[in-house]
Amino acid sequence: MNLEQTVEFWRWFAANSDRLARHLESKGDFTELDQRISALFDGSLSWEVGPGQRKPYALAISPSGRRTALEATRQIVSAAPTLEQWEFHAAKPPKAWSPHFVFEGAEGQERSVDATNWEYVLSQLPKGGFDITVRAPGLDNWSEQDKLWAAEIALDGMLGELTRLECIHGIEVVRNLDEGLQQKATPIGFIREHLRSLLE
């Protein structure tokens with residue numbers, strides 16, 4: 001990570017924060033923001049803007065689901081200025097949402113997901129953290145990569161990307177759970193509270 005580029009990025013962001021807020025309100029163009037974030041690390045970081053948890057607006061600079069890039073996004077965000085209207089995150093925060101979303105699949109096709117009826121089973125690992133098995137009906141003809149991306153997006157929205165990367169190590173997406181796992185299955189909407197209780 002280039003410290004000089006990071007400092008210049010935040011200088012630019014502070015100078016343009018009001019304009020970016022207006023873009024967020026009016027669904028404006030964020031091409032320059034995208035280009036500048038791409039230049040900060042190795043071109044693979046992603047980002048999102050939206051309402052903040054404590055302030056009106058938030059920018060998340062995301063490691064794109066890679067634990068290896070999380071330290072870079074933390075360092076970048078640690079250099080952020082204090083702005084009255086903006087808060088900053090080193091990973092995508094959890095969302096207050098119904099889990100309906102669209103993403104681009106591995107072959108470029110649009111994938112539409114409704115995860116409201118998904119179920120999951122957590123398996124605790126000896127060295128800490130969990131594997132998760134997700135029952136996700138309706139994805140039968142999808143590639144394994146698209147199923148995994150759908151599960152990651154849903155978990156990031158419910159847990160936040162940081163919690164997912166730190167606590168969930170393996171993700172398996174299935175159509176049906178075997179009888180032993182089905183008895184332990186929980187609706188996906190409870191996962192945030194469930195995981196928090198296990199970690200406490």
# chains A, B, ... in the order shown; residues from 1 in each chain; ligands from 1

$ residues_around --residues "segment 33-43 of chain A" --least-positions-apart "4" --cutoff "7 Å" --atoms "only C-alpha atoms" --output "list in words"
Met1, Asn2, Gln5, Thr6 and Phe9 of chain A

$ write_last_selection --atoms "N, CA and C atoms" --output "JSON list (two decimals), in the first residue's frame"
[["chain", "number", "residue", "atom", "x", "y", "z"],
["A", 1, "MET", "N", 0.85, -1.19, 0.00],
["A", 1, "MET", "CA", 0.00, 0.00, 0.00],
["A", 1, "MET", "C", 0.88, 1.24, 0.00],
["A", 2, "ASN", "N", 0.55, 2.20, -0.86],
["A", 2, "ASN", "CA", 1.32, 3.42, -1.00],
["A", 2, "ASN", "C", 0.75, 4.49, -0.08],
["A", 5, "GLN", "N", -0.25, 7.82, -1.79],
["A", 5, "GLN", "CA", -1.52, 7.72, -2.51],
["A", 5, "GLN", "C", -2.69, 7.76, -1.54],
["A", 6, "THR", "N", -2.53, 7.11, -0.39],
["A", 6, "THR", "CA", -3.60, 7.10, 0.61],
["A", 6, "THR", "C", -3.87, 8.50, 1.13],
["A", 9, "PHE", "N", -5.60, 10.44, -1.52],
["A", 9, "PHE", "CA", -7.00, 10.04, -1.67],
["A", 9, "PHE", "C", -7.87, 10.74, -0.63]]

$ residues_around --residues "Glu119 of chain A" --least-positions-apart "3" --cutoff "6 Å" --atoms "only C-alpha atoms" --output "list of chain:residue names"
A:Val134, A:Arg135, A:Ala185, A:Thr186, A:Pro187, A:Ile188

$ select_by_dssp --residues "segment 38-96 of chain A" --states "strand (DSSP E or B)" --output "list in words"
Ser46, Trp47, Glu48, Val49, Gly50, Pro51, Tyr57, Ala58, Leu59, Ala60, Ile61, Ser62, Trp86, Glu87, Phe88 and His89 of chain A

$ closest_residue --among "A:Ala154, A:Val113, A:Val7, A:Ala79" --to "Ala96 of chain A" --atoms "only C-alpha atoms"
A:Ala154

$ atom_distance --atom1 "atom CA of Pro56 of chain A" --atom2 "atom CA of Glu84 of chain A"
8.8 Å

$ residues_around --residues "Leu70 of chain A" --least-positions-apart "4" --cutoff "9 Å" --atoms "only C-alpha atoms" --output "compact mmCIF listing (two decimals) with C-alpha atoms, in the first residue's frame"
# COMPACT_ATOMS: atom_id res chain seq x y z
CA SER A 62 -13.86 -3.34 1.17
CA PRO A 63 -11.22 -6.09 0.88
CA SER A 64 -13.57 -7.76 -1.61
CA GLY A 65 -14.05 -10.76 0.62
CA ARG A 66 -10.31 -11.48 1.01
CA ARG A 74 -7.83 -1.09 7.85
CA GLN A 75 -4.67 0.94 7.25
CA ALA A 90 -12.67 -1.02 6.47
CA ALA A 91 -15.26 -3.59 5.32
CA LEU A 162 -15.68 -7.93 8.82
CA LEU A 165 -14.29 -12.76 7.34

$ closest_residue --among "A:Ser123, A:Gln53, A:Ser44, A:Thr68" --to "Trp86 of chain A" --atoms "only C-alpha atoms"
A:Gln53

$ atom_distance --atom1 "atom CA of Arg54 of chain A" --atom2 "atom CA of Glu4 of chain A"
28.7 Å

$ closest_residue --among "A:Trp149, A:Tyr57, A:Phe130, A:Trp118" --to "Gly170 of chain A" --atoms "only C-alpha atoms"
A:Phe130

$ closest_residue --among "A:Pro126, A:Trp142, A:Thr133, A:Lys92" --to "Arg111 of chain A" --atoms "only C-alpha atoms"
A:Trp142

$ residues_around --residues "Trp47 of chain A" --least-positions-apart "2" --cutoff "7 Å" --atoms "only C-alpha atoms" --output "mmCIF file with C-alpha atoms, in the first residue's frame"
data_model
loop_
_atom_site.group_PDB
_atom_site.id
_atom_site.type_symbol
_atom_site.label_atom_id
_atom_site.label_comp_id
_atom_site.auth_asym_id
_atom_site.auth_seq_id
_atom_site.Cartn_x
_atom_site.Cartn_y
_atom_site.Cartn_z
ATOM 1 C CA LEU A 45 -10.523 -3.371 -3.504
ATOM 2 C CA VAL A 49 -21.532 4.266 -0.192
ATOM 3 C CA ALA A 60 -16.859 1.360 3.098
ATOM 4 C CA ILE A 61 -13.576 0.416 1.444
ATOM 5 C CA SER A 62 -13.857 -3.343 1.169
#

$ decode --residues "segment 20-140 of chain A" --atoms "C-alpha atoms" --output "short mmCIF file (atom, residue, chain, number, x, y, z; two decimals), in the first residue's frame"
data_model
loop_
_atom_site.label_atom_id
_atom_site.label_comp_id
_atom_site.auth_asym_id
_atom_site.auth_seq_id
_atom_site.Cartn_x
_atom_site.Cartn_y
_atom_site.Cartn_z
CA LEU A 20 -20.15 13.01 -3.21
CA ALA A 21 -22.97 13.32 -0.69
CA ARG A 22 -25.09 15.06 -3.33
CA HIS A 23 -24.24 12.27 -5.78
CA LEU A 24 -25.41 9.73 -3.22
CA GLU A 25 -28.72 11.53 -2.77
CA SER A 26 -29.27 11.87 -6.53
CA LYS A 27 -27.69 8.56 -7.65
CA GLY A 28 -24.93 10.48 -9.41
CA ASP A 29 -21.65 9.39 -10.96
CA PHE A 30 -18.99 7.82 -8.74
CA THR A 31 -16.51 6.98 -11.51
CA GLU A 32 -13.72 9.10 -10.07
CA LEU A 33 -14.18 7.62 -6.59
CA ASP A 34 -13.98 4.13 -8.10
CA GLN A 35 -10.78 4.98 -9.98
CA ARG A 36 -9.11 6.48 -6.94
CA ILE A 37 -9.95 3.54 -4.69
CA SER A 38 -8.69 1.12 -7.36
CA ALA A 39 -5.34 2.92 -7.27
CA LEU A 40 -4.89 2.53 -3.51
CA PHE A 41 -3.84 -1.11 -3.31
CA ASP A 42 -3.65 -3.70 -6.07
CA GLY A 43 -6.76 -2.73 -8.03
CA SER A 44 -8.92 -5.36 -6.32
CA LEU A 45 -10.52 -3.37 -3.50
CA SER A 46 -14.23 -2.63 -3.78
CA TRP A 47 -16.37 0.00 -2.09
CA GLU A 48 -19.89 1.08 -1.33
CA VAL A 49 -21.53 4.27 -0.19
CA GLY A 50 -24.81 4.63 1.64
CA PRO A 51 -26.46 5.88 4.80
CA GLY A 52 -24.21 5.82 7.85
CA GLN A 53 -24.86 4.22 11.23
CA ARG A 54 -23.86 7.32 13.22
CA LYS A 55 -23.60 9.98 10.53
CA PRO A 56 -25.68 10.74 7.42
CA TYR A 57 -23.29 9.06 4.96
CA ALA A 58 -20.82 6.17 4.98
CA LEU A 59 -18.02 4.96 2.72
CA ALA A 60 -16.86 1.36 3.10
CA ILE A 61 -13.58 0.42 1.44
CA SER A 62 -13.86 -3.34 1.17
CA PRO A 63 -11.22 -6.09 0.88
CA SER A 64 -13.57 -7.76 -1.61
CA GLY A 65 -14.05 -10.76 0.62
CA ARG A 66 -10.31 -11.48 1.01
CA ARG A 67 -8.85 -11.84 4.49
CA THR A 68 -5.41 -11.08 3.01
CA ALA A 69 -6.53 -7.57 2.00
CA LEU A 70 -8.25 -6.70 5.27
CA GLU A 71 -5.12 -5.23 6.85
CA ALA A 72 -4.74 -2.92 3.83
CA THR A 73 -8.29 -1.58 4.11
CA ARG A 74 -7.83 -1.09 7.85
CA GLN A 75 -4.67 0.94 7.25
CA ILE A 76 -6.39 3.02 4.56
CA VAL A 77 -9.40 3.79 6.76
CA SER A 78 -7.19 4.55 9.77
CA ALA A 79 -5.81 7.49 7.76
CA ALA A 80 -9.30 8.92 7.03
CA PRO A 81 -10.07 12.48 8.09
CA THR A 82 -12.80 13.32 10.58
CA LEU A 83 -15.73 14.70 8.58
CA GLU A 84 -19.01 15.89 10.03
CA GLN A 85 -21.22 14.13 7.49
CA TRP A 86 -19.22 10.96 6.73
CA GLU A 87 -18.14 7.81 8.54
CA PHE A 88 -15.71 5.24 7.15
CA HIS A 89 -15.45 1.44 7.36
CA ALA A 90 -12.67 -1.02 6.47
CA ALA A 91 -15.26 -3.59 5.32
CA LYS A 92 -18.90 -3.52 4.31
CA PRO A 93 -21.06 -3.02 7.42
CA PRO A 94 -24.24 -5.02 8.07
CA LYS A 95 -27.41 -3.77 6.43
CA ALA A 96 -30.90 -3.16 7.75
CA TRP A 97 -32.57 -4.99 4.86
CA SER A 98 -34.74 -7.76 3.61
CA PRO A 99 -32.25 -10.06 1.89
CA HIS A 100 -33.25 -9.50 -1.72
CA PHE A 101 -30.40 -8.55 -4.03
CA VAL A 102 -29.02 -8.80 -7.55
CA PHE A 103 -25.42 -9.48 -8.57
CA GLU A 104 -23.44 -10.36 -11.67
CA GLY A 105 -22.65 -14.05 -11.95
CA ALA A 106 -19.40 -15.64 -13.07
CA GLU A 107 -20.57 -15.73 -16.69
CA GLY A 108 -21.78 -12.13 -16.65
CA GLN A 109 -25.45 -12.98 -16.19
CA GLU A 110 -27.68 -11.17 -13.72
CA ARG A 111 -28.44 -13.25 -10.66
CA SER A 112 -31.47 -12.36 -8.52
CA VAL A 113 -31.59 -13.69 -4.96
CA ASP A 114 -34.30 -13.88 -2.31
CA ALA A 115 -32.64 -15.31 0.79
CA THR A 116 -35.56 -14.85 3.18
CA ASN A 117 -36.29 -18.60 3.33
CA TRP A 118 -32.70 -19.78 3.63
CA GLU A 119 -31.58 -21.82 6.63
CA TYR A 120 -28.15 -22.49 8.07
CA VAL A 121 -26.17 -24.67 10.45
CA LEU A 122 -22.99 -23.46 12.16
CA SER A 123 -20.20 -25.90 13.00
CA GLN A 124 -17.64 -24.65 15.51
CA LEU A 125 -14.00 -25.25 14.60
CA PRO A 126 -11.40 -26.48 17.12
CA LYS A 127 -9.14 -23.45 16.60
CA GLY A 128 -12.00 -20.94 16.70
CA GLY A 129 -14.47 -19.64 14.19
CA PHE A 130 -17.16 -21.56 12.34
CA ASP A 131 -18.00 -23.33 9.13
CA ILE A 132 -21.51 -22.71 7.84
CA THR A 133 -23.81 -24.88 5.76
CA VAL A 134 -26.51 -22.85 4.03
CA ARG A 135 -29.69 -24.38 2.64
CA ALA A 136 -30.49 -22.12 -0.29
CA PRO A 137 -33.40 -23.46 -2.37
CA GLY A 138 -33.85 -22.17 -5.89
CA LEU A 139 -30.18 -22.11 -6.91
CA ASP A 140 -30.11 -25.63 -8.38
#
